[in-house]
Every structure is written in C-alpha cells, then in structure tokens.
>>> print(open('input.tsv').read())   # TSV, C-alpha atoms
chain	number	residue	atom	x	y	z
R	1	MET	CA	60.57	100.82	65.82
R	2	THR	CA	63.73	102.80	66.55
R	3	THR	CA	65.10	102.50	70.07
R	4	THR	CA	67.05	105.07	72.04
R	5	ALA	CA	70.62	105.21	70.77
R	6	SER	CA	73.32	103.84	73.03
R	7	PRO	CA	76.93	105.02	72.87
R	8	ALA	CA	79.06	103.58	70.08
R	9	ARG	CA	81.06	100.53	71.10
R	10	TRP	CA	84.66	101.25	70.12
R	11	PRO	CA	87.14	99.21	72.17
R	12	TYR	CA	90.19	99.88	69.97
R	13	THR	CA	91.99	103.02	68.93
R	14	PRO	CA	89.85	105.19	66.64
R	15	GLU	CA	92.72	105.44	64.16
R	16	ALA	CA	92.74	101.69	63.43
R	17	PRO	CA	91.51	101.37	59.84
R	18	VAL	CA	88.07	100.08	58.94
R	19	LYS	CA	88.05	97.77	55.92
R	20	CYS	CA	84.32	97.08	55.72
R	21	VAL	CA	81.14	98.81	56.90
R	22	VAL	CA	78.15	96.52	57.49
R	23	TRP	CA	74.82	98.29	57.22
R	24	ASP	CA	71.37	97.57	58.58
R	25	LEU	CA	68.56	98.50	56.17
R	26	ASP	CA	65.26	99.42	57.86
R	27	ASP	CA	65.46	102.87	59.49
R	28	THR	CA	69.20	102.95	58.79
R	29	LEU	CA	69.85	102.90	55.04
R	30	TRP	CA	66.27	103.93	54.37
R	31	ASP	CA	63.38	105.34	56.39
R	32	GLY	CA	60.65	102.80	57.04
R	33	THR	CA	60.26	99.06	57.47
R	34	LEU	CA	60.30	97.22	54.16
R	35	LEU	CA	57.87	94.43	55.09
R	36	GLU	CA	55.40	96.73	56.88
R	37	ASP	CA	55.31	100.03	54.99
R	38	ARG	CA	54.00	100.53	51.47
R	39	THR	CA	57.19	102.36	50.55
R	40	VAL	CA	60.55	103.09	52.09
R	41	THR	CA	62.53	106.27	51.49
R	42	LEU	CA	66.22	106.21	50.80
R	43	ARG	CA	68.39	108.41	53.02
R	44	PRO	CA	70.52	110.47	50.60
R	45	ALA	CA	73.06	111.34	53.31
R	46	VAL	CA	73.70	107.64	53.93
R	47	VAL	CA	74.14	106.99	50.22
R	48	ALA	CA	76.66	109.84	49.99
R	49	VAL	CA	78.69	108.24	52.81
R	50	ILE	CA	78.58	104.82	51.15
R	51	ARG	CA	79.81	106.18	47.82
R	52	ALA	CA	82.53	108.30	49.41
R	53	LEU	CA	83.85	105.40	51.51
R	54	ASP	CA	83.73	103.11	48.47
R	55	SER	CA	85.94	105.59	46.59
R	56	ARG	CA	88.41	105.36	49.48
R	57	GLY	CA	88.63	101.58	49.15
R	58	ILE	CA	86.38	100.74	52.10
R	59	LEU	CA	84.03	97.85	51.38
R	60	HIS	CA	80.34	97.59	52.27
R	61	SER	CA	78.00	94.78	53.20
R	62	VAL	CA	74.56	94.32	54.71
R	63	SER	CA	73.26	92.60	57.83
R	64	SER	CA	69.49	92.91	57.93
R	65	ARG	CA	66.61	90.92	59.41
R	66	ASN	CA	64.49	90.95	56.30
R	67	ASP	CA	63.19	89.00	53.35
R	68	HIS	CA	66.22	88.51	51.11
R	69	SER	CA	64.44	88.78	47.76
R	70	ALA	CA	62.44	91.86	48.70
R	71	ALA	CA	65.43	93.66	50.21
R	72	MET	CA	67.72	92.93	47.27
R	73	ALA	CA	65.00	94.07	44.86
R	74	GLN	CA	64.70	97.33	46.80
R	75	LEU	CA	68.47	97.86	46.82
R	76	SER	CA	68.51	97.23	43.07
R	77	ALA	CA	65.66	99.70	42.55
R	78	PHE	CA	67.71	102.30	44.43
R	79	GLY	CA	70.77	101.46	42.28
R	80	LEU	CA	72.80	100.40	45.32
R	81	ASP	CA	72.99	96.61	45.12
R	82	GLU	CA	76.40	96.72	43.39
R	83	TYR	CA	78.00	98.35	46.46
R	84	PHE	CA	77.29	95.50	48.88
R	85	LEU	CA	79.47	92.40	49.03
R	86	CYS	CA	78.24	89.16	50.63
R	87	PRO	CA	74.96	90.71	51.88
R	88	GLN	CA	73.43	88.77	54.77
R	89	ILE	CA	69.68	89.33	54.61
R	90	ASN	CA	67.93	86.68	56.67
R	91	TRP	CA	66.43	86.06	60.10
R	92	ASN	CA	69.64	85.00	61.85
R	93	PRO	CA	71.14	86.93	64.77
R	94	LYS	CA	73.21	89.75	63.33
R	95	SER	CA	76.31	88.46	65.08
R	96	VAL	CA	75.97	85.30	62.95
R	97	SER	CA	75.60	87.40	59.81
R	98	LEU	CA	78.70	89.43	60.67
R	99	ARG	CA	80.71	86.26	61.13
R	100	ALA	CA	79.63	85.11	57.66
R	101	ILE	CA	80.71	88.45	56.17
R	102	VAL	CA	84.08	88.44	57.92
R	103	GLU	CA	84.78	84.90	56.76
R	104	ALA	CA	83.68	85.61	53.19
R	105	LEU	CA	85.82	88.75	52.92
R	106	ASN	CA	88.72	87.18	54.86
R	107	ILE	CA	89.17	90.14	57.21
R	108	GLY	CA	89.30	90.50	60.97
R	109	PHE	CA	86.41	91.57	63.19
R	110	ASP	CA	88.51	94.57	64.24
R	111	ALA	CA	88.37	95.80	60.63
R	112	VAL	CA	84.55	95.97	60.66
R	113	ALA	CA	82.15	98.77	61.57
R	114	PHE	CA	78.49	97.85	62.07
R	115	VAL	CA	75.80	100.52	61.67
R	116	ASP	CA	72.30	99.89	63.02
R	117	ASP	CA	69.54	102.13	64.41
R	118	GLN	CA	68.60	99.53	67.03
R	119	ALA	CA	70.62	99.58	70.25
R	120	VAL	CA	69.61	96.01	71.03
R	121	GLU	CA	71.08	94.81	67.70
R	122	ARG	CA	74.33	96.71	68.29
R	123	ASP	CA	74.58	95.27	71.78
R	124	GLU	CA	74.01	91.72	70.50
R	125	VAL	CA	76.83	92.11	67.97
R	126	ALA	CA	79.13	93.81	70.50
R	127	SER	CA	78.57	90.99	72.98
R	128	ALA	CA	79.48	88.31	70.44
R	129	HIS	CA	82.24	90.24	68.65
R	130	PRO	CA	83.68	92.94	70.94
R	131	GLN	CA	86.24	93.96	68.33
R	132	VAL	CA	83.53	95.19	65.93
R	133	ARG	CA	82.86	98.94	66.09
R	134	CYS	CA	79.11	99.24	66.63
R	135	LEU	CA	77.70	102.62	65.59
R	136	GLY	CA	74.26	104.19	65.78
R	137	VAL	CA	72.72	106.22	62.97
R	138	GLU	CA	73.69	109.43	64.75
R	139	THR	CA	77.30	108.62	63.86
R	140	ILE	CA	76.71	108.46	60.10
R	141	PRO	CA	77.19	112.23	59.42
R	142	LEU	CA	80.55	112.05	61.23
R	143	MET	CA	82.00	108.99	59.52
R	144	LEU	CA	83.76	110.68	56.62
R	145	ASP	CA	85.83	112.73	59.05
R	146	MET	CA	86.72	109.90	61.43
R	147	PRO	CA	90.37	108.72	61.21
R	148	ALA	CA	89.32	105.07	60.96
R	149	PHE	CA	87.43	105.85	57.73
R	150	THR	CA	90.05	108.20	56.31
R	151	PRO	CA	93.03	106.40	54.78
R	152	ARG	CA	96.07	108.59	54.39
R	153	PHE	CA	96.31	107.73	50.71
R	154	VAL	CA	93.77	106.56	48.15
R	155	THR	CA	95.62	104.36	45.69
R	156	ASP	CA	94.67	102.71	42.42
R	157	ASP	CA	94.39	99.44	44.33
R	158	SER	CA	92.01	100.93	46.89
R	159	ARG	CA	89.82	102.46	44.19
R	160	GLN	CA	89.55	99.01	42.57
R	161	ARG	CA	89.05	97.09	45.83
R	162	ARG	CA	85.35	96.37	45.36
R	163	ALA	CA	85.90	95.13	41.80
R	164	MET	CA	88.79	92.97	42.96
R	165	MET	CA	86.66	91.45	45.70
R	166	ARG	CA	83.92	90.66	43.20
R	167	ALA	CA	86.55	88.94	41.02
R	168	ASP	CA	87.56	86.94	44.11
R	169	THR	CA	83.95	85.82	44.44
R	170	MET	CA	83.98	84.61	40.83
R	171	ARG	CA	87.22	82.72	41.43
R	172	SER	CA	85.81	81.07	44.53
R	173	ALA	CA	82.69	80.02	42.65
R	174	ALA	CA	84.81	78.58	39.84
R	175	GLU	CA	86.95	76.71	42.36
R	176	THR	CA	83.85	75.21	44.01
R	177	GLU	CA	82.61	73.95	40.66
R	178	PHE	CA	86.01	72.64	39.53
R	179	THR	CA	86.22	68.85	39.68
R	180	GLY	CA	89.92	68.27	39.05
R	181	PRO	CA	92.90	68.32	41.44
R	182	PRO	CA	93.84	71.63	43.17
R	183	ASP	CA	96.97	72.18	41.05
R	184	ALA	CA	94.91	71.82	37.89
R	185	PHE	CA	92.54	74.54	39.07
R	186	LEU	CA	95.47	76.83	39.93
R	187	ALA	CA	96.92	76.21	36.46
R	188	SER	CA	93.55	77.09	34.92
R	189	LEU	CA	93.76	80.56	36.51
R	190	GLU	CA	96.75	81.45	34.26
R	191	MET	CA	98.38	83.44	37.06
R	192	ILE	CA	101.18	85.93	36.51
R	193	PHE	CA	103.21	86.88	39.58
R	194	SER	CA	105.31	90.04	39.20
R	195	ILE	CA	108.20	91.22	41.37
R	196	ARG	CA	109.86	94.61	41.06
R	197	ARG	CA	111.75	97.21	43.02
R	198	ALA	CA	109.32	99.62	44.62
R	199	ARG	CA	108.85	102.73	42.52
R	200	GLU	CA	107.55	106.11	43.60
R	201	GLU	CA	104.05	105.18	42.47
R	202	ASP	CA	104.18	102.00	44.61
R	203	LEU	CA	105.01	103.67	47.91
R	204	ARG	CA	101.50	104.78	48.84
R	205	ARG	CA	100.20	101.27	48.29
R	206	ALA	CA	103.21	99.91	50.21
R	207	GLU	CA	102.31	102.04	53.23
R	208	GLU	CA	98.70	100.90	52.93
R	209	LEU	CA	99.82	97.25	52.86
R	210	THR	CA	101.80	97.59	56.08
R	211	ILE	CA	98.81	99.24	57.78
R	212	ARG	CA	96.10	96.89	56.47
R	213	THR	CA	97.98	93.56	56.62
R	214	ASN	CA	98.11	92.20	60.15
R	215	GLN	CA	98.01	88.41	60.09
R	216	LEU	CA	100.61	87.99	57.35
R	217	ASN	CA	103.15	90.60	58.48
R	218	THR	CA	106.38	89.11	59.86
R	219	SER	CA	107.15	92.07	62.11
R	220	GLY	CA	103.79	93.69	62.82
R	221	ARG	CA	105.47	97.00	62.08
R	222	THR	CA	103.92	99.68	59.90
R	223	TYR	CA	105.96	102.00	57.69
R	224	THR	CA	105.06	105.51	56.59
R	225	TYR	CA	105.34	106.74	53.04
R	226	ASP	CA	108.37	108.85	54.00
R	227	GLU	CA	110.13	105.89	55.62
R	228	LEU	CA	109.48	103.68	52.62
R	229	SER	CA	110.62	106.41	50.24
R	230	ALA	CA	113.95	106.68	52.08
R	231	LEU	CA	114.39	102.90	52.12
R	232	ALA	CA	113.59	102.61	48.41
R	233	ARG	CA	116.40	105.08	47.67
R	234	SER	CA	118.88	103.51	50.08
R	235	PRO	CA	121.74	101.57	48.43
R	236	ASP	CA	121.87	99.34	51.53
R	237	HIS	CA	118.25	98.17	51.30
R	238	LEU	CA	116.12	96.25	48.86
R	239	LEU	CA	112.42	97.13	48.84
R	240	LEU	CA	110.36	94.91	46.56
R	241	VAL	CA	106.65	94.80	45.76
R	242	ALA	CA	104.73	91.91	44.24
R	243	GLY	CA	101.59	91.84	42.14
R	244	LEU	CA	99.32	89.08	40.90
R	245	GLU	CA	96.86	88.81	38.05
R	246	ASP	CA	94.93	85.99	36.41
R	247	ARG	CA	92.20	85.44	33.86
R	248	TYR	CA	89.63	87.01	36.18
R	249	GLY	CA	91.59	90.24	36.55
R	250	THR	CA	94.15	91.79	38.85
R	251	TYR	CA	94.62	91.17	42.55
R	252	GLY	CA	96.62	94.41	42.68
R	253	THR	CA	99.79	94.81	44.70
R	254	ILE	CA	99.67	91.94	47.16
R	255	GLY	CA	103.16	91.57	48.65
R	256	LEU	CA	106.03	93.57	50.08
R	257	THR	CA	109.46	92.73	51.39
R	258	LEU	CA	112.25	94.82	52.85
R	259	ALA	CA	115.81	93.52	53.22
R	260	SER	CA	118.93	95.22	54.49
R	261	CYS	CA	121.85	94.22	52.27
R	262	GLU	CA	125.33	94.16	53.79
R	263	ALA	CA	128.28	92.82	51.83
R	264	HIS	CA	128.12	89.29	53.22
R	265	ARG	CA	124.72	89.16	54.93
R	266	TRP	CA	121.23	90.06	53.85
R	267	THR	CA	118.50	90.35	56.49
R	268	ILE	CA	114.78	90.30	55.72
R	269	ARG	CA	113.35	92.96	58.01
R	270	LEU	CA	109.79	92.69	56.75
R	271	LEU	CA	107.83	90.24	54.64
R	272	LEU	CA	104.10	90.56	54.18
R	273	MET	CA	101.55	89.08	51.85
R	274	SER	CA	97.86	89.79	51.37
R	275	CYS	CA	95.76	87.02	52.87
R	276	ARG	CA	93.69	87.03	49.68
R	277	VAL	CA	96.43	85.20	47.76
R	278	MET	CA	97.90	82.76	50.26
R	279	ASP	CA	95.58	79.98	49.11
R	280	ARG	CA	96.82	80.51	45.55
R	281	GLY	CA	100.14	78.89	46.37
R	282	VAL	CA	102.19	82.04	45.76
R	283	GLY	CA	102.97	82.95	49.36
R	284	THR	CA	106.62	81.86	49.21
R	285	MET	CA	107.52	83.28	45.80
R	286	LEU	CA	108.98	86.51	47.20
R	287	LEU	CA	111.08	84.45	49.61
R	288	THR	CA	112.35	82.20	46.83
R	289	HIS	CA	113.30	85.26	44.79
R	290	LEU	CA	115.21	86.77	47.73
R	291	MET	CA	117.03	83.48	48.29
R	292	GLN	CA	118.15	83.42	44.67
R	293	ARG	CA	119.34	87.03	44.79
R	294	ALA	CA	121.23	86.58	48.04
R	295	ARG	CA	122.97	83.46	46.78
R	296	ALA	CA	123.91	85.22	43.55
R	297	ALA	CA	125.38	88.07	45.65
R	298	GLY	CA	127.41	85.59	47.73
R	299	ALA	CA	125.61	86.65	50.92
R	300	ARG	CA	124.07	84.77	53.83
R	301	LEU	CA	120.33	85.25	54.17
R	302	GLN	CA	118.70	85.85	57.53
R	303	ALA	CA	115.17	86.91	58.45
R	304	GLU	CA	113.61	88.55	61.50
R	305	PHE	CA	110.29	87.44	62.92
R	306	THR	CA	108.47	89.27	65.73
R	307	PRO	CA	105.24	87.64	66.96
R	308	THR	CA	102.16	89.84	67.20
R	309	GLY	CA	99.65	87.27	68.38
R	310	ARG	CA	98.17	87.08	64.88
R	311	ASN	CA	101.05	86.41	62.51
R	312	ARG	CA	102.21	82.90	63.40
R	313	MET	CA	101.44	81.77	59.85
R	314	MET	CA	104.41	83.82	58.65
R	315	PHE	CA	106.73	82.03	61.09
R	316	VAL	CA	105.42	78.76	59.65
R	317	THR	CA	106.08	80.15	56.16
R	318	TYR	CA	109.71	80.81	57.04
R	319	ARG	CA	110.14	77.35	58.55
R	320	PHE	CA	108.39	75.63	55.65
R	321	SER	CA	110.73	77.44	53.25
R	322	GLY	CA	113.81	76.07	55.02
R	323	PHE	CA	114.71	78.85	57.48
R	324	ARG	CA	116.04	77.76	60.88
R	325	PRO	CA	116.18	79.83	64.11
R	326	VAL	CA	119.74	80.93	64.93
R	327	ASP	CA	119.29	83.71	67.50
R	328	GLN	CA	116.79	85.33	69.82
R	329	ARG	CA	116.85	89.12	70.36
R	330	GLY	CA	114.16	89.93	72.87
R	331	ALA	CA	110.84	89.11	71.22
R	332	THR	CA	112.43	88.83	67.78
R	333	THR	CA	113.58	85.48	66.41
R	334	VAL	CA	116.41	85.54	63.87
R	335	LEU	CA	116.24	82.77	61.29
R	336	GLU	CA	118.69	81.79	58.56
R	337	HIS	CA	118.58	79.83	55.32
R	338	ASP	CA	121.75	78.09	54.17
R	339	LEU	CA	120.72	78.61	50.50
R	340	SER	CA	121.84	75.10	49.56
R	341	ASP	CA	118.33	73.96	48.63
R	342	ILE	CA	116.14	76.83	47.44
R	343	PRO	CA	112.45	76.01	46.85
R	344	GLN	CA	111.25	76.09	43.27
R	345	PHE	CA	108.65	78.47	41.94
R	346	PRO	CA	105.28	76.72	41.50
R	347	PRO	CA	104.84	75.42	37.93
R	348	TYR	CA	101.33	76.85	37.56
R	349	VAL	CA	102.47	80.49	37.88
R	350	THR	CA	104.29	82.62	35.32
R	351	LEU	CA	106.95	84.74	36.99
R	352	ARG	CA	107.68	88.25	35.75
R	353	ILE	CA	110.65	90.07	37.31
R	354	VAL	CA	111.19	93.77	36.60
R	355	ASP	CA	114.37	95.41	37.94
>>> encode(input="input.tsv", output="structure tokens")
Amino acid sequence: MTTTASPARWPYTPEAPVKCVVWDLDDTLWDGTLLEDRTVTLRPAVVAVIRALDSRGILHSVSSRNDHSAAMAQLSAFGLDEYFLCPQINWNPKSVSLRAIVEALNIGFDAVAFVDDQAVERDEVASAHPQVRCLGVETIPLMLDMPAFTPRFVTDDSRQRRAMMRADTMRSAAETEFTGPPDAFLASLEMIFSIRRAREEDLRRAEELTIRTNQLNTSGRTYTYDELSALARSPDHLLLVAGLEDRYGTYGTIGLTLASCEAHRWTIRLLLMSCRVMDRGVGTMLLTHLMQRARAAGARLQAEFTPTGRNRMMFVTYRFSGFRPVDQRGATTVLEHDLSDIPQFPPYVTLRIVD
C-alpha cells in the first residue's frame, strides 16, 4: 500500500551529479504489487525517464523487497532487465541493498538517488545513508529537468557507460574464477594504456572526469570545458588524457593530468584517475610518463596536492611513486621527485603514446 509522500531528502547541493538511480519496483516502476496482484502495469512515464537518463550516462539499479526470480522475469518481460546493474531484489533492508549497489559500482553514496513510493523505505535509507538523495514518485516527472540529472555534456564515454560497467562485471567474474597469481590475471587481460595530448573531442569528457571523479582527484578542483580548452592550447601547459582497453572492451577515457611547464620546472596541477582502473595496476602510468618527459626536458618535477577529505589515496600514490613533500602553501602540499629513479611501466600493459 502506498503511504503519504514525505519531502525528498536532499542534503547536498542539487547540482551535484547523480551517477546512479536506484528504483523500487512495486507501485514505483509499475502499478501493483507483483506477489499479490494477478498482473502489474508498467508506468510508461517512468520507463521514458529511465531510457533518457541512460542515454545521458546515468546508471540504474533496483532495490526491491520482492522475490528475485519473479521480479527479474517481469523486468525481462517488459524488456527492461538490461538497464539495471547489480539489482538487489531480496528481503533485506533497502539500506543494505543500497550499500551492496554502491560497493559493486564503486561509487559514493552521494552519487546515488533512490526512488521509492513508500515514505518509510525512503526514511530508512536516509537514516542509514544521509548522503543518498531519497525521492518519492511525485519527483519522477521532474527528474529530467533537475540539474543533478542533467550533465552539461553527453560524451561517447557516457553513452557507453552501461556497457562498460557490464564489461567490468565480466572482468570481475573472470578474476574471481582465475586461479593463478594476480599479475598473471592482469597479463591475461591484454591491456593497452594510451596517453595523448587532449584534443578538442576529449575536452567534454575531460570536464566530465573532473566533475565525476572525487576520490582520485589530487586537487578536488573541477574544470569547465572553456578552461580546459584554453589550457590545451596554452604553450605553457601540458594537458594529457589516458585511455584503457582490454580483451573485454574499452574502459573509455579514464585519466587526466594537467602540468604547467616552465623552462626549468614542471608542476603537476591536477592528476586524476577513474577508480574503476586503480586495481588494474595502471594508476601510476601517467605519473611515470610525466617523469620521463620532465627529465627529457631537463626540468624539475613538482606536484601539488590539496586534501578534500576523500582523496588521500592520491597523496599515497605520489609518495609511493617517489615524490617527497618540499613545501606547504596553505592547505596545498608541494611535492617533488628528483627523477633519479623513475618507476617502470608494469610489464603486463602495452603502452601507446600519441603526441
């Protein structure tokens, strides 16, 4: 039975981007209760929202108290099962299901919107995960116009995001079944890591990366398309993007770095990497490439790190790669590498550099 709708829980700025919408099923995605009614009726307006958000690169999942087999069969009958990643259809509290989804997709709770007709379910999730945006069904007609669901650009990477996440699921399953050492599994992926100067067609994805990547961003700063376009044309800056592919398909553009290049000193202003690839052992490849280029140019190499409360892993990445703190400018730590001992590229990855 549907309860009276309570106001949407939205503790963060409405403009913060949503990466995944988690949907309830009964009386939300469809009218009726699957295990009680003879039939349930799909809500076309909800389906239109799901398809539109999918085309914008926003993922979807399910959290429903239901029989898993029956619900998945119904989603398949409606032709919608392919849209939902890591569906959690069980009798657990929905806060538990949301945690499972967040962990499976490797995103933050603040990147999730949860849609449910039941106020008590929304309140349970909001109590356990206050960063999740909990929305009633009355919000569904408004979602396509909300800033959080409206990325400034829709890139090739965003259009392929669901397919790339499904490929990630296949990789994870293969890794679970693999019985050899970790490096042997990584070698079996036949990875190709590409590095190139950012081109015009890369800039929209570059802006998206700075907005979407929080934990693995060394500065926490976001850059607009116009800012990145100016930096890409600047003779005093080096703006590089990185991509990764393997035998399961492409990961898309997964890394970005910005360095200011003076005659005798280069400074890394920004380094970020998608969290989807850090466990593939490629997280330091952009750094190694920058070290090689700086040494070839006869320049010192420094890097700036500004803590955000979520990005400490990137400080560890700098330290692990041989950078040492040399200065403190307010909240920003300046590190430097003496370039005498540059880390090697991992042997299980083919490097492709395009200048």
>>> axis_aligned_box(input="input.tsv", around="range 303-316 of chain R", padding_each_side="3 Å", output="lines of an AutoDock Vina configuration file")
center_x = 106.7
center_y = 84.3
center_z = 63.4
size_x = 23.0
size_y = 17.1
size_z = 15.9
>>> closest_residue(input="input.tsv", among="R:Ser63, R:Ser69, R:Met278, R:Leu240", to="Ala100 in chain R", atoms="all atoms listed in the file")
R:Ser63
>>> closest_residue(input="input.tsv", among="R:Asp279, R:Met164, R:Gln131, R:Leu29", to="Pro182 in chain R", atoms="only C-alpha atoms")
R:Asp279
>>> residues_around(input="input.tsv", residues="range 325-327 of chain R", least_positions_apart="5", cutoff="10 Å", atoms="all atoms listed in the file", output="list in words")
Gln302, Ala303, Glu304, Phe305, Tyr318, Arg319, Thr332, Thr333, Val334, Leu335, Glu336 and His337 of chain R
>>> closest_residue(input="input.tsv", among="R:Val137, R:Val125, R:Ile211, R:Leu258", to="Pro17 in chain R", atoms="all atoms listed in the file")
R:Ile211
>>> atom_distance(input="input.tsv", atom1="CA of Leu135 in chain R", atom2="CA of Trp91 in chain R")
20.8 Å
>>> atom_distance(input="input.tsv", atom1="CA of Arg293 in chain R", atom2="CA of Leu339 in chain R")
10.3 Å
>>> closest_atom_pairs(input="input.tsv", of="range 36-142 of chain R", to="range 266-275 of chain R", cutoff="12 Å", atoms="all atoms listed in the file", output="tab-separated table")
residue	atom	partner	partner_atom	distance
R:Glu103	CA	R:Cys275	CA	11.8
R:Leu105	CA	R:Cys275	CA	10.1
R:Asn106	CA	R:Cys275	CA	7.3
R:Ile107	CA	R:Cys275	CA	8.5
R:Gly108	CA	R:Cys275	CA	10.9
>>> residues_around(input="input.tsv", residues="Phe185 in chain R", least_positions_apart="6", cutoff="9 Å", atoms="only C-alpha atoms", output="PyMOL selection string")
chain R and resi 174-175+178-179
>>> atom_distance(input="input.tsv", atom1="CA of His264 in chain R", atom2="CA of Phe345 in chain R")
25.0 Å
>>> closest_residue(input="input.tsv", among="R:Leu80, R:Ile192, R:Ala242, R:Val112", to="Leu256 in chain R", atoms="all atoms listed in the file")
R:Ala242
>>> closest_residue(input="input.tsv", among="R:Asp236, R:Ala104, R:Ser76, R:Leu286", to="Arg166 in chain R", atoms="only C-alpha atoms")
R:Ala104
>>> residues_around(input="input.tsv", residues="Thr350 in chain R", least_positions_apart="3", cutoff="12 Å", atoms="all atoms listed in the file", output="list of chain:residue names")
R:Leu186, R:Ala187, R:Leu189, R:Glu190, R:Met191, R:Ile192, R:Phe193, R:Ser194, R:Ile195, R:Gly243, R:Leu244, R:Glu245, R:Asp246, R:Val282, R:Met285, R:Phe345, R:Pro346, R:Pro347, R:Ile353
>>> write_last_selection(input="input.tsv", atoms="C-alpha atoms", output="PDB file, in the frame of the given file")
ATOM      1  CA  LEU R 186      95.470  76.830  39.930  1.00  0.00           C
ATOM      2  CA  ALA R 187      96.920  76.210  36.460  1.00  0.00           C
ATOM      3  CA  LEU R 189      93.760  80.560  36.510  1.00  0.00           C
ATOM      4  CA  GLU R 190      96.750  81.450  34.260  1.00  0.00           C
ATOM      5  CA  MET R 191      98.380  83.440  37.060  1.00  0.00           C
ATOM      6  CA  ILE R 192     101.180  85.930  36.510  1.00  0.00           C
ATOM      7  CA  PHE R 193     103.210  86.880  39.580  1.00  0.00           C
ATOM      8  CA  SER R 194     105.310  90.040  39.200  1.00  0.00           C
ATOM      9  CA  ILE R 195     108.200  91.220  41.370  1.00  0.00           C
ATOM     10  CA  GLY R 243     101.590  91.840  42.140  1.00  0.00           C
ATOM     11  CA  LEU R 244      99.320  89.080  40.900  1.00  0.00           C
ATOM     12  CA  GLU R 245      96.860  88.810  38.050  1.00  0.00           C
ATOM     13  CA  ASP R 246      94.930  85.990  36.410  1.00  0.00           C
ATOM     14  CA  VAL R 282     102.190  82.040  45.760  1.00  0.00           C
ATOM     15  CA  MET R 285     107.520  83.280  45.800  1.00  0.00           C
ATOM     16  CA  PHE R 345     108.650  78.470  41.940  1.00  0.00           C
ATOM     17  CA  PRO R 346     105.280  76.720  41.500  1.00  0.00           C
ATOM     18  CA  PRO R 347     104.840  75.420  37.930  1.00  0.00           C
ATOM     19  CA  ILE R 353     110.650  90.070  37.310  1.00  0.00           C
TER      20      ILE R 353
END
>>> closest_residue(input="input.tsv", among="R:Arg43, R:Arg162, R:Arg51, R:Arg65", to="Cys86 in chain R", atoms="all atoms listed in the file")
R:Arg162
>>> residues_around(input="input.tsv", residues="Tyr248 in chain R", least_positions_apart="6", cutoff="9 Å", atoms="all atoms listed in the file", output="VMD selection string")
chain R and resid 167 to 168 170 to 171 189
>>> residues_around(input="input.tsv", residues="Pro235 in chain R", least_positions_apart="3", cutoff="12 Å", atoms="only C-alpha atoms", output="PyMOL selection string")
chain R and resi 230-232+238-239+259-263
>>> build_atoms(input="input.tsv", residues="range 144-162 of chain R", atoms="N, CA and C atoms", output="PDB file, in the frame of the given file")
ATOM      1  N   LEU R 144      82.766 110.292  57.632  1.00  0.00           N
ATOM      2  CA  LEU R 144      83.760 110.680  56.620  1.00  0.00           C
ATOM      3  C   LEU R 144      84.923 111.448  57.217  1.00  0.00           C
ATOM      4  N   ASP R 145      84.755 111.985  58.410  1.00  0.00           N
ATOM      5  CA  ASP R 145      85.830 112.730  59.050  1.00  0.00           C
ATOM      6  C   ASP R 145      86.536 111.933  60.144  1.00  0.00           C
ATOM      7  N   MET R 146      86.084 110.721  60.407  1.00  0.00           N
ATOM      8  CA  MET R 146      86.720 109.900  61.430  1.00  0.00           C
ATOM      9  C   MET R 146      88.021 109.301  60.892  1.00  0.00           C
ATOM     10  N   PRO R 147      89.094 109.283  61.694  1.00  0.00           N
ATOM     11  CA  PRO R 147      90.370 108.720  61.210  1.00  0.00           C
ATOM     12  C   PRO R 147      90.251 107.291  60.719  1.00  0.00           C
ATOM     13  N   ALA R 148      89.426 106.479  61.355  1.00  0.00           N
ATOM     14  CA  ALA R 148      89.320 105.070  60.960  1.00  0.00           C
ATOM     15  C   ALA R 148      88.763 104.902  59.554  1.00  0.00           C
ATOM     16  N   PHE R 149      88.026 105.908  59.062  1.00  0.00           N
ATOM     17  CA  PHE R 149      87.430 105.850  57.730  1.00  0.00           C
ATOM     18  C   PHE R 149      88.170 106.751  56.736  1.00  0.00           C
ATOM     19  N   THR R 150      89.331 107.228  57.139  1.00  0.00           N
ATOM     20  CA  THR R 150      90.050 108.200  56.310  1.00  0.00           C
ATOM     21  C   THR R 150      91.476 107.714  56.068  1.00  0.00           C
ATOM     22  N   PRO R 151      91.675 106.851  55.070  1.00  0.00           N
ATOM     23  CA  PRO R 151      93.030 106.400  54.780  1.00  0.00           C
ATOM     24  C   PRO R 151      93.905 107.577  54.361  1.00  0.00           C
ATOM     25  N   ARG R 152      95.167 107.488  54.715  1.00  0.00           N
ATOM     26  CA  ARG R 152      96.070 108.590  54.390  1.00  0.00           C
ATOM     27  C   ARG R 152      96.196 108.778  52.886  1.00  0.00           C
ATOM     28  N   PHE R 153      96.226 107.676  52.157  1.00  0.00           N
ATOM     29  CA  PHE R 153      96.310 107.730  50.710  1.00  0.00           C
ATOM     30  C   PHE R 153      95.162 106.918  50.103  1.00  0.00           C
ATOM     31  N   VAL R 154      94.686 107.354  48.955  1.00  0.00           N
ATOM     32  CA  VAL R 154      93.770 106.560  48.150  1.00  0.00           C
ATOM     33  C   VAL R 154      94.531 106.153  46.893  1.00  0.00           C
ATOM     34  N   THR R 155      94.802 104.860  46.778  1.00  0.00           N
ATOM     35  CA  THR R 155      95.620 104.360  45.690  1.00  0.00           C
ATOM     36  C   THR R 155      94.755 103.746  44.600  1.00  0.00           C
ATOM     37  N   ASP R 156      95.396 103.405  43.484  1.00  0.00           N
ATOM     38  CA  ASP R 156      94.670 102.710  42.420  1.00  0.00           C
ATOM     39  C   ASP R 156      94.096 101.397  42.939  1.00  0.00           C
ATOM     40  N   ASP R 157      94.875 100.703  43.775  1.00  0.00           N
ATOM     41  CA  ASP R 157      94.390  99.440  44.330  1.00  0.00           C
ATOM     42  C   ASP R 157      93.149  99.664  45.199  1.00  0.00           C
ATOM     43  N   SER R 158      93.164 100.698  46.015  1.00  0.00           N
ATOM     44  CA  SER R 158      92.010 100.930  46.890  1.00  0.00           C
ATOM     45  C   SER R 158      90.782 101.317  46.082  1.00  0.00           C
ATOM     46  N   ARG R 159      90.969 102.082  45.023  1.00  0.00           N
ATOM     47  CA  ARG R 159      89.820 102.460  44.190  1.00  0.00           C
ATOM     48  C   ARG R 159      89.209 101.246  43.492  1.00  0.00           C
ATOM     49  N   GLN R 160      90.027 100.219  43.251  1.00  0.00           N
ATOM     50  CA  GLN R 160      89.550  99.010  42.570  1.00  0.00           C
ATOM     51  C   GLN R 160      89.151  97.901  43.540  1.00  0.00           C
ATOM     52  N   ARG R 161      89.185  98.173  44.853  1.00  0.00           N
ATOM     53  CA  ARG R 161      89.050  97.090  45.830  1.00  0.00           C
ATOM     54  C   ARG R 161      87.717  96.339  45.678  1.00  0.00           C
ATOM     55  N   ARG R 162      86.639  97.062  45.482  1.00  0.00           N
ATOM     56  CA  ARG R 162      85.350  96.370  45.360  1.00  0.00           C
ATOM     57  C   ARG R 162      85.335  95.463  44.132  1.00  0.00           C
TER      58      ARG R 162
END
